[in-house]
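> This is the structure I want to talk about, given as structure tokens.
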Amino acid sequence: MYLDQYLIDSEPFYRALGKEVSYFEAAYGDRLPIMLKGPTGCGKTRFIEHMAYTLNKPLITVSCHEDMTATDLVGRYLLDADGTLWHDGPLTLAVRHGGICYLDEIVEARQDTTVIIHSLTDDRRVLTLEKKNEVVKAHPDFQIVISYNPGYQSVLKDLKESTKQRFAALDFSYPDSKTEAEIVTHEAKVNEATASLLIAIAERSRNLKGHGLVEGASTRMLIHAGKLIVRGISLPEACNIALIVPITDDLELRDSLKTAIASCV
Amino acid sequence: MPVTDPTNRADLGTIQSKLVNTSIDTLETRSAFPGKWFNHWVQCCNRLSSAGYGFNVLSAYIHFAPKIAQKFDPQVALDLANSVSKIAAKTGRIEAESLPYASYVAANLLKDQNSFKAWIRIIERFISIAPESTFTLLDKMESLLSSLSVSRLESWILAGIRSSGGNPDQRLKFFSLETPESNRWLLFESGTVNFTSMAPRLRTLIRALWNIGPPLRELPLSGTNTKNTKLRSSFGRGIIRLPTSFSGFEHEQAEDLYRACISHIGAHFHFSGPSFPVKGLKPVQIAVISILEDARVENLAMRKFPGLRNLWLPFHVAHIPNSMSSNQALMAPNLLNKLALALIDPEFNEINGWVKKAKTKFFNCEKEWEKQEISRELGGILGNDLGQMRLGWQFDMKSYIVDPPYRDDNWGLWDFGEEEKPTDILEDEQMFDSIRIEQQLDDNSDQPDQERKENDQNEELSEKPVQLEIQKSEGIPVARYPEYDYLTGRERPDWTTIIDYRPPIGSIKNVERAIEQYAEVLKRITSLIRAARVSRPNRSNRLQEGEYLDIDACIDAKINQRMNLTPDPRVYGKWIRKDRDLSVLVLLDISESTRDKVFNSKESVLDLEVHATALLAQAMSKLGDPFAIAAFCSNKRDDVRYFRIKDFNEPFDQKTFSYLGGLEGGFSTRIGAAIRHAGSQLKEQQTYRKLLLVVTDGEPSDIDATDPRYLLEDARRSVKSLSHEGINVFCVGLETKGSSYLEKIFGRRNSIVIDRIELLPQKLPLLYLRMTA
């Protein structure tokens with residue numbers, strides 16, 4: 001099959017927060033466009049990988065950025081020795097051959113780039129390739145999923161209202177402590193006690209959101225810390241490397257976080 | 001030893017006959033002033049003698065100068081005589097007499113000759129600025145130099161001079177170490193761990209651990225006997241008070257003590273409930289119940305944060321010094337210490353029956369630790385037992401100090417009802433009341449709009465114009481900022497206080513008229529701003545010319561070529577700024593000098609400022625750019641008045657017009673502090689660029705700053721620090737005699753000067769252009 005390289009071969013570990021798995025399956029049943037909303041490092045990408053695996057569909061991921069143009073998504077002509085060759089972009093591949101196209105951090109892209117998905121997100125389900133003079137009708141298995149981090153961007157860099165309204169959205173946040181501990185245990189391969197301790201430590205960091213830190217420690221950062229611990233780094237040092245140093249340069253903040261972490265042990 | 005130089009023999013004799021125990025010609029002086037130096041030495045003493053300062057001065061000099069000569073070199077010692085003369089002339093004999101000994105002390109404590117010379121220079125400058133305090137300064141030199149280097153000493157001295165604002169009595173109090181301020185600055189300069197240095201970390205720590213953010217206040221060291229005052233932290237009514245410093249603790253240990261302290265109080269906030277009523281309890285019971293409650297919350301805290309044990313335990317010291325008799329060992333304070341230790345450290349084994357009983361009972365009811373009543377019950381019983389033990393002493397509440405030192409004084413746990421409260425608490429109440437308002441505003445997290453709402457509820461709004469003579473108590477202190485001292489090259493933290501005042505309401509006609517009158521100017525400014533491109537650069541492709549090749553266009557062109565079609569030549573692209581992503585805060589100087597007339601005009605400076613601001617605001621409002629307006633003046637460093645006329649999220653409307661119309665010039669211009677505060681408002685904006693536009697007539701001054709250069713250098717520094725944080729600071733200056741200062745503060749290219757409104761459109765582009773570069 002054309003998109004075989006995008007199939008996920010082993011089950012990505014995912015612990016559900018709520019009913020998001022069943023919600024997604026229902027949405028996919030009708031190929032509704034889905035928006036995943038939540039802070040960084042809380043499992044959005046892992047979730048979509050899990051769903052792609054469960055539904056046995058290829059997943060094509062595009063990391064969006066400011067310089068991305070429509071051609072990057074849709075495709076372009078390339079030159080070769082004899083003439084020109086059309087090359088499908090990631091979006092077109094998914095549309096043509098029936099994969100899930102996942103646009104990660106879509107707000108980063110410029111609004112004039114984002115509008116090309118409009119024709120795919122209503123019941124037209126077509127993609128117009130102007131340069132090629134072709135209208136591609138979406139494969140029945142095609143679906144578009146986007147991820148969105150509210151709160152980081154300025155007012156200028158937000159999705160257009162007309163874009164937002166085309167999607168159904170699922171909210172993601174940090175899991176409750178028990179679930180989070182399970183996730184950290186599994187992903188970092190630390191024992192449960194260490195995982196629970198890391199969650200307790202994360203809470204101290206999350207208390208400082210808005211009081212010196214933009215965001216507290218994410219689940220991903222805890223997994224990093226866990227992995228370091230498995231490799232023999234002491235817990236305070238691992239926490240320093242994975243949880244404190246990356247997110248703040250303020251010496252006093254670092255000092256207080258270190259003290260708070262030491263209190264947990 | 002025979003005198004070899006005949007010329008001075010007669011003088012030598014005259015001097016020697018006057019001296020009792022000192023002599024000019026001794027083994028010591030001969031070795032200190034060898035060869036030709038001895039001649040100079042004698043002449044020097046001679047001069048000093050004939051100057052008529054009296055015997056004591058001369059004697060002091062003769063006694064100590066040789067020692068200084070031996071420590072450093074003869075010239076230094078001889079120069080000292082000049083200093084002695086100076087000080088005698090400017091201040092008096094007593095001061096002059098104390099200089100030689102102080103110099104001797106300095107010579108021993110300072111590391112080298114250069115430091116000593118610097119020290120002498122500082123003293124000489126001091127005697128001309130603060131003659132009344134010279135004696136006391138020299139008197140304390142030994143203890144000062146044992147904790148301060150020369151540059152830190154200078155910094156501390158300057159803090160004293162600046163904070164006294166030219167008042168000799170204030171200065172004397174400062175240098176006699178009789179004010180909390182002077183002690184605080186001494187601690188700061190000596191690098192001692194103190195409240196100011198620890199407060200930010202402690203706020204973060206209590207937030208991280210307990211997710212609370214109560215205001216932290218400083219407990220000043222009271223009285224002169226600061227070394228013996230044992231202060232403890234305290235909490236009550238949601239406010240935490242910490243000592244300026246903990247005497248007897250230094251460096252890392254002192255930092256840990258503060259950390260232990262805030263963690264303990266945090267535990268109280270989290271686990272302690274409503275206060276215990278004191279009714280019917282004896283003082284000893286109160287003390288014991290408090291200890292029980294401390295143990296209870298600490299043990300609960302350690303369940304959640306086991307590491308806190310390592311923070312708290314090291315401060316529990318409950319051993320008996322060998323010198324104590326066994327009777328003394330049973331003294332209550334010692335027993336109480338042991339009780340405290342037994343309840344936190346299960347491994348501590350104590351023979352004393354009472355402590356043992358307490359420990360057993362406490363740990364037996366472990367399952368009920370969540371209930372606050374157990375402290376009262378158990379503590380009441382134990383306290384009663386202790387009171388009845390015939391130990392031959394009386395428990396004295398007044399002199400009792402809670403130990404270990406990281407624990408608070410526990411007043412926050414008790415409800416005194418109608419009983420007489422200890423006197424400290426009464427004083428504190430007043431401070432608590434005035435702080436209550438601050439409580440909601442300070443400590444970072446609140447939005448400015450909440451303050452405004454409070455104001456709205458508190459004041460009855462009358463529509464007639466209000467005098468600018470607003471009482472200080474009507475303003476709300478909202479922030480403290482450092483101030484830069486160019487003489488030390490450092491900033492003094494928390495030196496200025498910004499007080500937020502409600503702007504007086506005036507007539508809207510002033511602004512309306514200006515907008516009408518200068519309609520043409522307004523049009524030009526609007527189109528000027530509209531055309532200004534201040535945003536992130538974006539790619540613009542498919543251009544005829546540009547900075548880079550647009551690959552997609554190139555490929556298209558090539559394709560067309562191969563298909564034998566005409567290629568489109570627009571294959572370039574360039575980076576351009578298309579939009580305007582900019583917030584502006586206009587800061588108006590409304591000091592007394594704005595009452596002056598503008599050079600060559602009938603308008604006052606303030607009028608011109610208001611008109612210029614109105615036009616700018618109208619233009620920005622029309623274009624939809626986010627902007628704010630504020631005004632400032634100052635009445636010494638603890639009353640820098642800030643008037644928020646329009647916030648970013650408020651519309652530019654009649655209310656703003658009336659505030660602008662109501663502005664009146666008065667007081668002084670402490671520009672640096674106002675710039676810093678305006679900067680903190682701008683920092684919250686999310687736009688790509690942020691601009692602080694200061695509208696002023698230039699000269700920074702304030703009545704407590706006697707050095708004309710001081711505030712100017714601070715203003716310059718404030719502009720620099722804002723630039724470092726990504727905020728552009730520009731100035732629209734009004735043409736008056738003071739405007740030469742503007743360049744020094746803002747930089748030549750960052751300021752424009754106008755004397756008529758009509759010049760605005762002409763000169764404004766210069767500023768906007770600077771931002772697009």
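Within each chain, counting starts at residue 1; across the structure tokens, chains are named A, B, ... in the order shown, with ligands numbered 1 upward in that order.
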What are the DSSP strand (DSSP E) residues of stretch 161-262 of chain A, as a PyMOL selection string?
chain A and resi 168-171
> Using only C-alpha atoms, which residues sit within 9 Å of B:Ala631 once same-chain residues fewer than 3 positions away are excluded, as an MDAnalysis selection string?
chainID B and resid 503 586:590 641:645 663 674
> Between atom CA of A:Leu85 and atom CA of B:Ile555, what is the distance in Å, rounded to a tenth?
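Interatomic distance, atom CA of A:Leu85 to atom CA of B:Ile555: 11.1 Å.
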> Which residues come within 10 Å of B:Val610, counting only C-alpha atoms, excluding same-chain residues fewer than 6 positions away, as a PyMOL selection string?
chain B and resi 510-511+514+588+590+616+657+660-661+663+695
> Next, write the just-selected residues to a file, as an mmCIF file, in the first residue's frame, keeping N, CA and C atoms as the atom set.

data_model
loop_
_atom_site.group_PDB
_atom_site.id
_atom_site.type_symbol
_atom_site.label_atom_id
_atom_site.label_comp_id
_atom_site.auth_asym_id
_atom_site.auth_seq_id
_atom_site.Cartn_x
_atom_site.Cartn_y
_atom_site.Cartn_z
ATOM 1 N N ASN B 510 -10.567 70.782 27.670
ATOM 2 C CA ASN B 510 -9.169 70.998 27.299
ATOM 3 C C ASN B 510 -8.763 70.056 26.164
ATOM 4 N N VAL B 511 -9.073 68.784 26.361
ATOM 5 C CA VAL B 511 -8.676 67.781 25.385
ATOM 6 C C VAL B 511 -9.514 67.901 24.114
ATOM 7 N N ALA B 514 -8.279 70.680 22.013
ATOM 8 C CA ALA B 514 -6.995 70.398 21.365
ATOM 9 C C ALA B 514 -7.210 69.546 20.119
ATOM 10 N N LEU B 588 3.613 60.802 31.333
ATOM 11 C CA LEU B 588 3.679 62.261 31.418
ATOM 12 C C LEU B 588 4.317 62.720 32.712
ATOM 13 N N ILE B 590 4.402 65.333 35.378
ATOM 14 C CA ILE B 590 3.552 66.444 35.828
ATOM 15 C C ILE B 590 4.135 67.107 37.067
ATOM 16 N N LEU B 616 -1.753 62.031 20.131
ATOM 17 C CA LEU B 616 -1.177 60.702 19.932
ATOM 18 C C LEU B 616 -2.203 59.638 20.289
ATOM 19 N N PHE B 657 -10.445 61.698 28.849
ATOM 20 C CA PHE B 657 -10.361 63.138 28.581
ATOM 21 C C PHE B 657 -10.378 63.917 29.891
ATOM 22 N N LEU B 660 -7.140 63.602 31.828
ATOM 23 C CA LEU B 660 -6.093 64.417 31.226
ATOM 24 C C LEU B 660 -6.329 65.893 31.545
ATOM 25 N N GLY B 661 -7.599 66.280 31.482
ATOM 26 C CA GLY B 661 -7.910 67.681 31.755
ATOM 27 C C GLY B 661 -7.664 68.061 33.207
ATOM 28 N N LEU B 663 -5.189 67.155 35.134
ATOM 29 C CA LEU B 663 -3.808 67.106 35.602
ATOM 30 C C LEU B 663 -3.284 68.497 35.952
ATOM 31 N N VAL B 695 7.061 61.848 28.143
ATOM 32 C CA VAL B 695 6.860 63.236 27.760
ATOM 33 C C VAL B 695 7.255 64.099 28.953
#
> Enumerate, in order of chain and increasing residue number, the residues of chain B with an atom no farther than 6 Å from chain A, each with its shortest atom pair and distance in Å to one decimal, counting only C-alpha atoms, as a tab-separated table.

residue	atom	partner	partner_atom	distance
B:Arg201	CA	A:Ser256	CA	5.5
B:Leu205	CA	A:Ser256	CA	5.1
B:Ala208	CA	A:Arg204	CA	4.5
B:Leu209	CA	A:Arg204	CA	5.7
B:Asn211	CA	A:Asn207	CA	5.6
B:Phe305	CA	A:Cys264	CA	4.5
B:Pro306	CA	A:Cys264	CA	5.8
B:Gly307	CA	A:Ser263	CA	3.7
B:Leu308	CA	A:Ser263	CA	4.9
B:Gln686	CA	A:Ser154	CA	5.9
> In Å, rounded to a single decimal, give me how far atom CA of B:Lys282 is from atom CA of B:Tyr400.
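One can read the atom CA of B:Tyr400 to atom CA of B:Lys282 distance as 13.9 Å.
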> Tell me which protein, DNA and RNA residues are within 7 Å of B:Trp575, counting only C-alpha atoms, leaving out same-chain ones fewer than 6 positions away, and put them as a ChimeraX atom specification.
/B:537-540
> Which neighbours of B:Ser234 fall inside 8 Å, counting only C-alpha atoms, when residues of the same chain fewer than 6 positions from it are skipped, and could you give them as a short mmCIF file (atom, residue, chain, number, x, y, z; two decimals) with all heavy atoms, in the first residue's frame?

data_model
loop_
_atom_site.label_atom_id
_atom_site.label_comp_id
_atom_site.auth_asym_id
_atom_site.auth_seq_id
_atom_site.Cartn_x
_atom_site.Cartn_y
_atom_site.Cartn_z
N ILE B 240 2.69 37.04 56.96
CA ILE B 240 3.84 36.43 57.62
C ILE B 240 4.89 37.50 57.86
O ILE B 240 5.20 38.29 56.96
CB ILE B 240 4.44 35.33 56.72
CG1 ILE B 240 3.41 34.23 56.50
CG2 ILE B 240 5.69 34.75 57.36
CD1 ILE B 240 3.89 33.13 55.59
N ARG B 241 5.45 37.51 59.05
CA ARG B 241 6.49 38.50 59.34
C ARG B 241 7.78 37.78 59.73
O ARG B 241 7.78 36.90 60.60
CB ARG B 241 6.01 39.41 60.46
CG ARG B 241 4.71 40.09 60.03
CD ARG B 241 4.04 40.77 61.17
NE ARG B 241 4.72 42.00 61.47
CZ ARG B 241 4.77 42.52 62.69
NH1 ARG B 241 4.22 41.91 63.69
NH2 ARG B 241 5.40 43.66 62.87
N LEU B 242 8.84 38.17 59.07
CA LEU B 242 10.12 37.51 59.31
C LEU B 242 11.14 38.53 59.79
O LEU B 242 11.11 39.68 59.37
CB LEU B 242 10.63 36.88 58.00
CG LEU B 242 9.71 35.83 57.39
CD1 LEU B 242 10.19 35.49 55.99
CD2 LEU B 242 9.71 34.59 58.24
N ASP B 408 7.91 29.93 64.76
CA ASP B 408 7.36 31.27 64.96
C ASP B 408 6.95 31.44 66.43
O ASP B 408 6.92 30.48 67.18
CB ASP B 408 6.15 31.47 64.05
CG ASP B 408 5.07 30.46 64.33
OD1 ASP B 408 5.17 29.33 63.81
OD2 ASP B 408 4.14 30.78 65.09
N ASP B 409 6.61 32.68 66.77
CA ASP B 409 6.28 32.96 68.17
C ASP B 409 4.91 32.46 68.57
O ASP B 409 4.49 32.61 69.71
CB ASP B 409 6.40 34.46 68.46
CG ASP B 409 5.45 35.26 67.58
OD1 ASP B 409 4.56 34.67 66.92
OD2 ASP B 409 5.61 36.48 67.52
N ASN B 410 4.19 31.88 67.64
CA ASN B 410 2.89 31.26 67.91
C ASN B 410 1.76 32.22 68.26
O ASN B 410 0.66 31.77 68.59
CB ASN B 410 2.99 30.19 69.01
CG ASN B 410 3.67 28.94 68.50
OD1 ASN B 410 3.38 28.46 67.42
ND2 ASN B 410 4.63 28.44 69.25
N TRP B 411 1.99 33.52 68.19
CA TRP B 411 0.87 34.42 68.50
C TRP B 411 -0.26 34.21 67.52
O TRP B 411 -1.42 34.48 67.83
CB TRP B 411 1.32 35.89 68.44
CG TRP B 411 2.21 36.30 69.57
CD1 TRP B 411 3.39 36.95 69.46
CD2 TRP B 411 2.01 36.09 70.97
NE1 TRP B 411 3.94 37.17 70.69
CE2 TRP B 411 3.11 36.64 71.64
CE3 TRP B 411 1.01 35.47 71.73
CZ2 TRP B 411 3.26 36.62 73.02
CZ3 TRP B 411 1.14 35.44 73.11
CH2 TRP B 411 2.26 36.01 73.74
N GLY B 412 0.05 33.72 66.32
CA GLY B 412 -0.99 33.53 65.32
C GLY B 412 -1.96 32.42 65.67
O GLY B 412 -3.02 32.30 65.06
#
> Go through B:Phe416, B:Phe730, B:Tyr659, B:Tyr741 and flag the residue nearest B:Gly698, using only C-alpha atoms for the distances.
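Nearest to B:Gly698: B:Tyr741.
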